[in-house]
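Structure file input-v3.cif (mmCIF, N, CA and C atoms) is printed below.
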data_final
#
loop_
_atom_site.label_atom_id
_atom_site.label_comp_id
_atom_site.auth_asym_id
_atom_site.auth_seq_id
_atom_site.Cartn_x
_atom_site.Cartn_y
_atom_site.Cartn_z
N MET A 1 78.67 78.58 135.16
CA MET A 1 79.71 79.61 135.10
C MET A 1 80.83 79.24 134.14
N LYS A 2 81.16 77.95 134.07
CA LYS A 2 82.23 77.55 133.17
C LYS A 2 81.87 77.85 131.73
N LEU A 3 80.60 77.68 131.36
CA LEU A 3 80.16 77.95 130.00
C LEU A 3 80.27 79.44 129.69
N VAL A 4 79.91 80.29 130.64
CA VAL A 4 80.02 81.73 130.45
C VAL A 4 81.48 82.13 130.24
N GLY A 5 82.38 81.55 130.97
CA GLY A 5 83.80 81.83 130.83
C GLY A 5 84.32 81.42 129.46
N LYS A 6 83.87 80.26 128.97
CA LYS A 6 84.29 79.79 127.65
C LYS A 6 83.74 80.70 126.55
N ILE A 7 82.50 81.11 126.70
CA ILE A 7 81.88 82.01 125.72
C ILE A 7 82.61 83.35 125.71
N THR A 8 82.94 83.87 126.88
CA THR A 8 83.67 85.13 126.98
C THR A 8 85.02 85.02 126.28
N CYS A 9 85.73 83.91 126.52
CA CYS A 9 87.03 83.71 125.87
C CYS A 9 86.87 83.63 124.36
N LEU A 10 85.84 82.96 123.89
CA LEU A 10 85.59 82.85 122.46
C LEU A 10 85.31 84.22 121.85
N VAL A 11 84.50 85.02 122.52
CA VAL A 11 84.18 86.37 122.02
C VAL A 11 85.44 87.23 121.96
N ILE A 12 86.26 87.17 122.99
CA ILE A 12 87.50 87.95 123.01
C ILE A 12 88.44 87.48 121.91
N LEU A 13 88.55 86.17 121.71
CA LEU A 13 89.39 85.64 120.65
C LEU A 13 88.92 86.12 119.29
N CYS A 14 87.62 86.10 119.06
CA CYS A 14 87.06 86.59 117.79
C CYS A 14 87.38 88.06 117.59
N MET A 15 87.29 88.85 118.65
CA MET A 15 87.58 90.28 118.55
C MET A 15 89.04 90.51 118.20
N VAL A 16 89.92 89.73 118.78
CA VAL A 16 91.35 89.88 118.52
C VAL A 16 91.69 89.49 117.08
N VAL A 17 91.06 88.45 116.58
CA VAL A 17 91.33 87.99 115.22
C VAL A 17 90.71 88.91 114.18
N ILE A 18 89.49 89.37 114.42
CA ILE A 18 88.76 90.16 113.43
C ILE A 18 89.11 91.64 113.47
N ALA A 19 89.34 92.21 114.61
CA ALA A 19 89.55 93.66 114.75
C ALA A 19 90.64 94.23 113.85
N PRO A 20 91.80 93.59 113.72
CA PRO A 20 92.83 94.17 112.85
C PRO A 20 92.41 94.26 111.39
N HIS A 21 91.45 93.46 110.99
CA HIS A 21 91.03 93.43 109.59
C HIS A 21 89.81 94.30 109.34
N ALA A 22 89.23 94.85 110.37
CA ALA A 22 87.99 95.61 110.22
C ALA A 22 88.16 96.88 109.39
N GLU A 23 89.31 97.51 109.48
CA GLU A 23 89.52 98.77 108.77
C GLU A 23 90.42 98.62 107.56
N ALA A 24 90.68 97.40 107.14
CA ALA A 24 91.56 97.19 105.99
C ALA A 24 90.94 97.82 104.75
N VAL A 25 91.80 98.39 103.95
CA VAL A 25 91.36 99.03 102.71
C VAL A 25 90.91 97.95 101.72
N THR A 26 89.88 98.26 100.96
CA THR A 26 89.36 97.31 99.97
C THR A 26 89.65 97.82 98.56
N CYS A 27 89.61 96.91 97.61
CA CYS A 27 89.81 97.32 96.21
C CYS A 27 88.69 98.27 95.79
N ARG A 28 87.52 98.08 96.31
CA ARG A 28 86.40 98.98 95.99
C ARG A 28 86.73 100.41 96.41
N GLN A 29 87.30 100.58 97.60
CA GLN A 29 87.68 101.92 98.07
C GLN A 29 88.75 102.51 97.15
N ILE A 30 89.69 101.68 96.73
CA ILE A 30 90.75 102.13 95.83
C ILE A 30 90.14 102.56 94.50
N GLN A 31 89.21 101.77 93.98
CA GLN A 31 88.57 102.09 92.71
C GLN A 31 87.83 103.42 92.78
N VAL A 32 87.13 103.66 93.87
CA VAL A 32 86.43 104.94 94.05
C VAL A 32 87.43 106.08 94.09
N GLY A 33 88.56 105.86 94.76
CA GLY A 33 89.60 106.88 94.81
C GLY A 33 90.15 107.20 93.44
N VAL A 34 90.38 106.16 92.65
CA VAL A 34 90.89 106.36 91.28
C VAL A 34 89.88 107.15 90.46
N VAL A 35 88.61 106.83 90.61
CA VAL A 35 87.56 107.55 89.88
C VAL A 35 87.59 109.04 90.23
N ASN A 36 87.83 109.37 91.49
CA ASN A 36 87.90 110.77 91.91
C ASN A 36 89.09 111.50 91.28
N CYS A 37 90.10 110.76 90.90
CA CYS A 37 91.30 111.37 90.32
C CYS A 37 91.31 111.37 88.80
N LEU A 38 90.38 110.65 88.18
CA LEU A 38 90.41 110.50 86.73
C LEU A 38 90.35 111.79 85.93
N PRO A 39 89.48 112.75 86.27
CA PRO A 39 89.49 113.97 85.46
C PRO A 39 90.88 114.60 85.37
N TYR A 40 91.58 114.64 86.49
CA TYR A 40 92.93 115.20 86.53
C TYR A 40 93.90 114.31 85.76
N LEU A 41 93.85 113.01 86.02
CA LEU A 41 94.81 112.09 85.41
C LEU A 41 94.60 111.89 83.91
N GLN A 42 93.41 112.21 83.43
CA GLN A 42 93.13 112.09 82.00
C GLN A 42 93.12 113.45 81.31
N ASN A 43 93.62 114.45 82.00
CA ASN A 43 93.70 115.82 81.45
C ASN A 43 92.33 116.36 81.03
N ARG A 44 91.31 115.99 81.80
CA ARG A 44 89.95 116.46 81.50
C ARG A 44 89.42 117.44 82.54
N GLY A 45 90.15 117.67 83.60
CA GLY A 45 89.64 118.56 84.63
C GLY A 45 90.63 118.79 85.76
N PRO A 46 90.17 119.51 86.78
CA PRO A 46 91.04 119.84 87.91
C PRO A 46 91.25 118.65 88.83
N LEU A 47 92.14 118.86 89.79
CA LEU A 47 92.46 117.86 90.80
C LEU A 47 91.24 117.51 91.65
N GLY A 48 90.41 118.49 91.92
CA GLY A 48 89.18 118.25 92.70
C GLY A 48 89.48 117.61 94.04
N GLY A 49 88.72 116.58 94.37
CA GLY A 49 88.86 115.91 95.66
C GLY A 49 89.87 114.78 95.67
N CYS A 50 90.64 114.65 94.62
CA CYS A 50 91.58 113.54 94.48
C CYS A 50 92.54 113.45 95.68
N CYS A 51 93.17 114.53 96.06
CA CYS A 51 94.17 114.49 97.14
C CYS A 51 93.55 114.06 98.47
N GLY A 52 92.38 114.56 98.77
CA GLY A 52 91.71 114.18 100.02
C GLY A 52 91.40 112.70 100.06
N VAL A 53 90.93 112.16 98.95
CA VAL A 53 90.62 110.73 98.87
C VAL A 53 91.89 109.91 99.04
N LEU A 54 92.96 110.32 98.35
CA LEU A 54 94.22 109.59 98.46
C LEU A 54 94.77 109.61 99.88
N LYS A 55 94.69 110.76 100.53
CA LYS A 55 95.16 110.86 101.92
C LYS A 55 94.38 109.91 102.82
N ASP A 56 93.06 109.87 102.65
CA ASP A 56 92.23 108.98 103.45
C ASP A 56 92.57 107.51 103.20
N LEU A 57 92.77 107.16 101.93
CA LEU A 57 93.11 105.78 101.60
C LEU A 57 94.47 105.39 102.17
N LEU A 58 95.44 106.29 102.10
CA LEU A 58 96.76 105.99 102.63
C LEU A 58 96.75 105.75 104.13
N LYS A 59 95.85 106.42 104.83
CA LYS A 59 95.72 106.22 106.28
C LYS A 59 95.27 104.78 106.59
N LEU A 60 94.53 104.17 105.66
CA LEU A 60 94.04 102.81 105.87
C LEU A 60 95.09 101.76 105.53
N CYS A 61 96.11 102.14 104.80
CA CYS A 61 97.16 101.20 104.37
C CYS A 61 98.28 101.18 105.39
N LYS A 62 98.04 100.50 106.51
CA LYS A 62 99.00 100.55 107.62
C LYS A 62 100.06 99.46 107.55
N THR A 63 99.78 98.39 106.83
CA THR A 63 100.74 97.28 106.79
C THR A 63 101.28 97.10 105.38
N THR A 64 102.37 96.36 105.28
CA THR A 64 102.94 96.05 103.97
C THR A 64 101.92 95.30 103.13
N HIS A 65 101.20 94.37 103.73
CA HIS A 65 100.18 93.60 103.01
C HIS A 65 99.12 94.54 102.42
N GLU A 66 98.65 95.50 103.20
CA GLU A 66 97.62 96.42 102.72
C GLU A 66 98.16 97.32 101.61
N ARG A 67 99.42 97.76 101.73
CA ARG A 67 100.02 98.60 100.69
C ARG A 67 100.19 97.81 99.40
N ARG A 68 100.59 96.55 99.52
CA ARG A 68 100.74 95.70 98.32
C ARG A 68 99.37 95.44 97.68
N LYS A 69 98.39 95.19 98.50
CA LYS A 69 97.02 94.97 98.00
C LYS A 69 96.53 96.22 97.26
N SER A 70 96.77 97.38 97.85
CA SER A 70 96.39 98.64 97.21
C SER A 70 97.13 98.83 95.89
N CYS A 71 98.40 98.49 95.89
CA CYS A 71 99.21 98.59 94.67
C CYS A 71 98.61 97.74 93.57
N LYS A 72 98.24 96.52 93.90
CA LYS A 72 97.65 95.62 92.90
C LYS A 72 96.34 96.19 92.35
N CYS A 73 95.53 96.78 93.21
CA CYS A 73 94.26 97.38 92.77
C CYS A 73 94.52 98.55 91.82
N VAL A 74 95.50 99.38 92.17
CA VAL A 74 95.84 100.53 91.34
C VAL A 74 96.45 100.05 90.02
N LYS A 75 97.28 99.04 90.07
CA LYS A 75 97.89 98.49 88.86
C LYS A 75 96.80 97.96 87.91
N THR A 76 95.81 97.26 88.46
CA THR A 76 94.71 96.76 87.64
C THR A 76 93.96 97.92 86.99
N ALA A 77 93.70 98.96 87.78
CA ALA A 77 93.01 100.15 87.24
C ALA A 77 93.86 100.80 86.15
N ALA A 78 95.15 100.88 86.39
CA ALA A 78 96.06 101.51 85.41
C ALA A 78 96.08 100.73 84.09
N ASN A 79 95.89 99.43 84.17
CA ASN A 79 95.86 98.59 82.97
C ASN A 79 94.50 98.60 82.28
N THR A 80 93.46 98.98 83.02
CA THR A 80 92.10 98.92 82.51
C THR A 80 91.60 100.25 81.97
N ILE A 81 91.91 101.32 82.69
CA ILE A 81 91.38 102.64 82.35
C ILE A 81 92.25 103.29 81.28
N LYS A 82 91.62 103.72 80.23
CA LYS A 82 92.34 104.32 79.10
C LYS A 82 92.58 105.82 79.33
N GLY A 83 93.65 106.32 78.77
CA GLY A 83 93.90 107.76 78.73
C GLY A 83 94.55 108.36 79.97
N ILE A 84 95.09 107.53 80.85
CA ILE A 84 95.75 108.07 82.05
C ILE A 84 97.10 108.65 81.67
N ASP A 85 97.36 109.86 82.12
CA ASP A 85 98.65 110.51 81.93
C ASP A 85 99.53 110.06 83.11
N PHE A 86 100.39 109.09 82.87
CA PHE A 86 101.20 108.52 83.95
C PHE A 86 102.25 109.49 84.46
N GLY A 87 102.57 110.52 83.70
CA GLY A 87 103.43 111.59 84.19
C GLY A 87 102.73 112.35 85.32
N LYS A 88 101.44 112.64 85.10
CA LYS A 88 100.66 113.30 86.15
C LYS A 88 100.48 112.37 87.35
N ALA A 89 100.26 111.09 87.06
CA ALA A 89 100.09 110.12 88.15
C ALA A 89 101.35 110.06 89.01
N ALA A 90 102.51 110.09 88.37
CA ALA A 90 103.78 110.06 89.11
C ALA A 90 103.95 111.31 89.96
N GLY A 91 103.34 112.41 89.55
CA GLY A 91 103.46 113.66 90.28
C GLY A 91 102.46 113.86 91.39
N LEU A 92 101.54 112.91 91.57
CA LEU A 92 100.50 113.08 92.61
C LEU A 92 101.08 113.23 94.01
N SER A 93 102.16 112.51 94.31
CA SER A 93 102.77 112.63 95.64
C SER A 93 103.13 114.08 95.94
N GLY A 94 103.78 114.73 94.99
CA GLY A 94 104.19 116.12 95.19
C GLY A 94 103.02 117.08 95.17
N VAL A 95 102.12 116.91 94.22
CA VAL A 95 100.96 117.80 94.08
C VAL A 95 100.07 117.72 95.33
N CYS A 96 99.92 116.51 95.87
CA CYS A 96 99.03 116.31 97.03
C CYS A 96 99.77 116.36 98.36
N SER A 97 101.08 116.54 98.34
CA SER A 97 101.90 116.55 99.57
C SER A 97 101.71 115.28 100.39
N ILE A 98 101.79 114.14 99.71
CA ILE A 98 101.68 112.84 100.37
C ILE A 98 102.76 111.93 99.82
N LYS A 99 102.97 110.81 100.49
CA LYS A 99 103.92 109.82 100.00
C LYS A 99 103.14 108.57 99.59
N ILE A 100 103.00 108.39 98.28
CA ILE A 100 102.38 107.18 97.76
C ILE A 100 103.47 106.12 97.71
N PRO A 101 103.27 104.98 98.39
CA PRO A 101 104.36 104.00 98.54
C PRO A 101 104.67 103.15 97.31
N PHE A 102 104.07 103.49 96.17
CA PHE A 102 104.34 102.74 94.95
C PHE A 102 104.05 103.64 93.75
N GLU A 103 104.62 103.27 92.63
CA GLU A 103 104.41 104.01 91.39
C GLU A 103 103.04 103.67 90.83
N ILE A 104 102.32 104.68 90.37
CA ILE A 104 101.04 104.44 89.71
C ILE A 104 101.35 104.17 88.25
N SER A 105 101.37 102.89 87.91
CA SER A 105 101.83 102.47 86.59
C SER A 105 101.27 101.08 86.28
N PRO A 106 101.04 100.81 85.01
CA PRO A 106 100.57 99.46 84.65
C PRO A 106 101.65 98.40 84.77
N SER A 107 102.89 98.81 85.00
CA SER A 107 103.99 97.84 85.08
C SER A 107 104.67 97.80 86.45
N VAL A 108 104.08 98.44 87.45
CA VAL A 108 104.70 98.46 88.78
C VAL A 108 104.80 97.05 89.35
N ASP A 109 105.88 96.77 90.06
CA ASP A 109 106.08 95.47 90.72
C ASP A 109 105.61 95.61 92.17
N CYS A 110 104.39 95.20 92.42
CA CYS A 110 103.79 95.39 93.74
C CYS A 110 104.44 94.51 94.82
N SER A 111 105.15 93.47 94.43
CA SER A 111 105.82 92.62 95.42
C SER A 111 106.97 93.34 96.11
N LYS A 112 107.43 94.45 95.53
CA LYS A 112 108.54 95.21 96.11
C LYS A 112 108.06 96.34 97.03
N VAL A 113 106.76 96.54 97.12
CA VAL A 113 106.20 97.61 97.96
C VAL A 113 106.42 97.25 99.43
N GLN A 114 106.92 98.22 100.17
CA GLN A 114 107.13 98.03 101.60
C GLN A 114 106.07 98.75 102.33
#

Here is a file; write its structure as structure tokens.
Amino acid sequence: MKLVGKITCLVILCMVVIAPHAEAVTCRQIQVGVVNCLPYLQNRGPLGGCCGVLKDLLKLCKTTHERRKSCKCVKTAANTIKGIDFGKAAGLSGVCSIKIPFEISPSVDCSKVQ
């Protein structure tokens, strides 16, 4: 019985440590979201599913750490992808009726994201 109790405690401890990280947003998810917004941001097409993707991603960014991580992923994309209209990027919050917690820019300071 003592072994079963120790195993149960270990399983519960693992669940407590791992569970908060299970739904954390990944850079891959951010990259897919950016791809969905590219036609609009590069003046090649409509908004399409961009707003829906952004809303879903923002729901996953619950902590300051996750928002900063997302900011870094977006900053990398902004520095890598050519032809982004950063004026349109800055307007996504209003167009999509959401609050993006950082500027979509190749020069954003992600350490200041709350």

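The nearest approach to Leu92 (chain A) among the residues A:Val108, A:Ile30, A:Cys51, A:Leu58, with all atoms listed in the file taken into account, belongs to A:Cys51.
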
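Distance-wise, atom C of Arg68 (chain A) and atom C of Val34 (chain A) end up 16.7 Å apart.
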
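Distances to Leu54 (chain A) were evaluated for A:Gly83, A:Gly94, A:Pro106, A:Gly33 using all atoms listed in the file, and the minimum falls at A:Gly33.
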
Legend entry - Who sits within 6.5 Å of Ser105 (chain A), all atoms listed in the file, same chain under 2 positions skipped, as an NGL selection string: :A and (74-75 or 78-79 or 102-103 or 107-108)

Legend entry - Contacts of Cys96 (chain A) at 12 Å (only C-alpha atoms; same-chain gap of 3+ positions) as a list in words: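 The filter keeps Cys37, Leu47, Gly48, Gly49, Cys50, Cys51, Gly52, Val53, Leu54, Lys55, Asp56, Leu58, Lys88, Ala89, Ala90, Gly91, Leu92, Ser93, Lys99 and Ile100 of chain A.
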
Legend entry - Distance in Å - CA of Cys73 (chain A) versus CA of Cys27 (chain A):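 A separation of 5.6 Å between them.
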
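If you look at atom C of Ser70 (chain A) and CA of Pro46 (chain A), they are 23.3 Å away from each other.
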
Inset, instruction - Check the smallest atom-to-atom distance from each of A:Arg67, A:Ser111, A:Lys72, A:Ile104 to Phe86 (chain A) using all atoms listed in the file, then report the winner. - result: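 Result for the nearest residue to Phe86 (chain A): A:Ile104.
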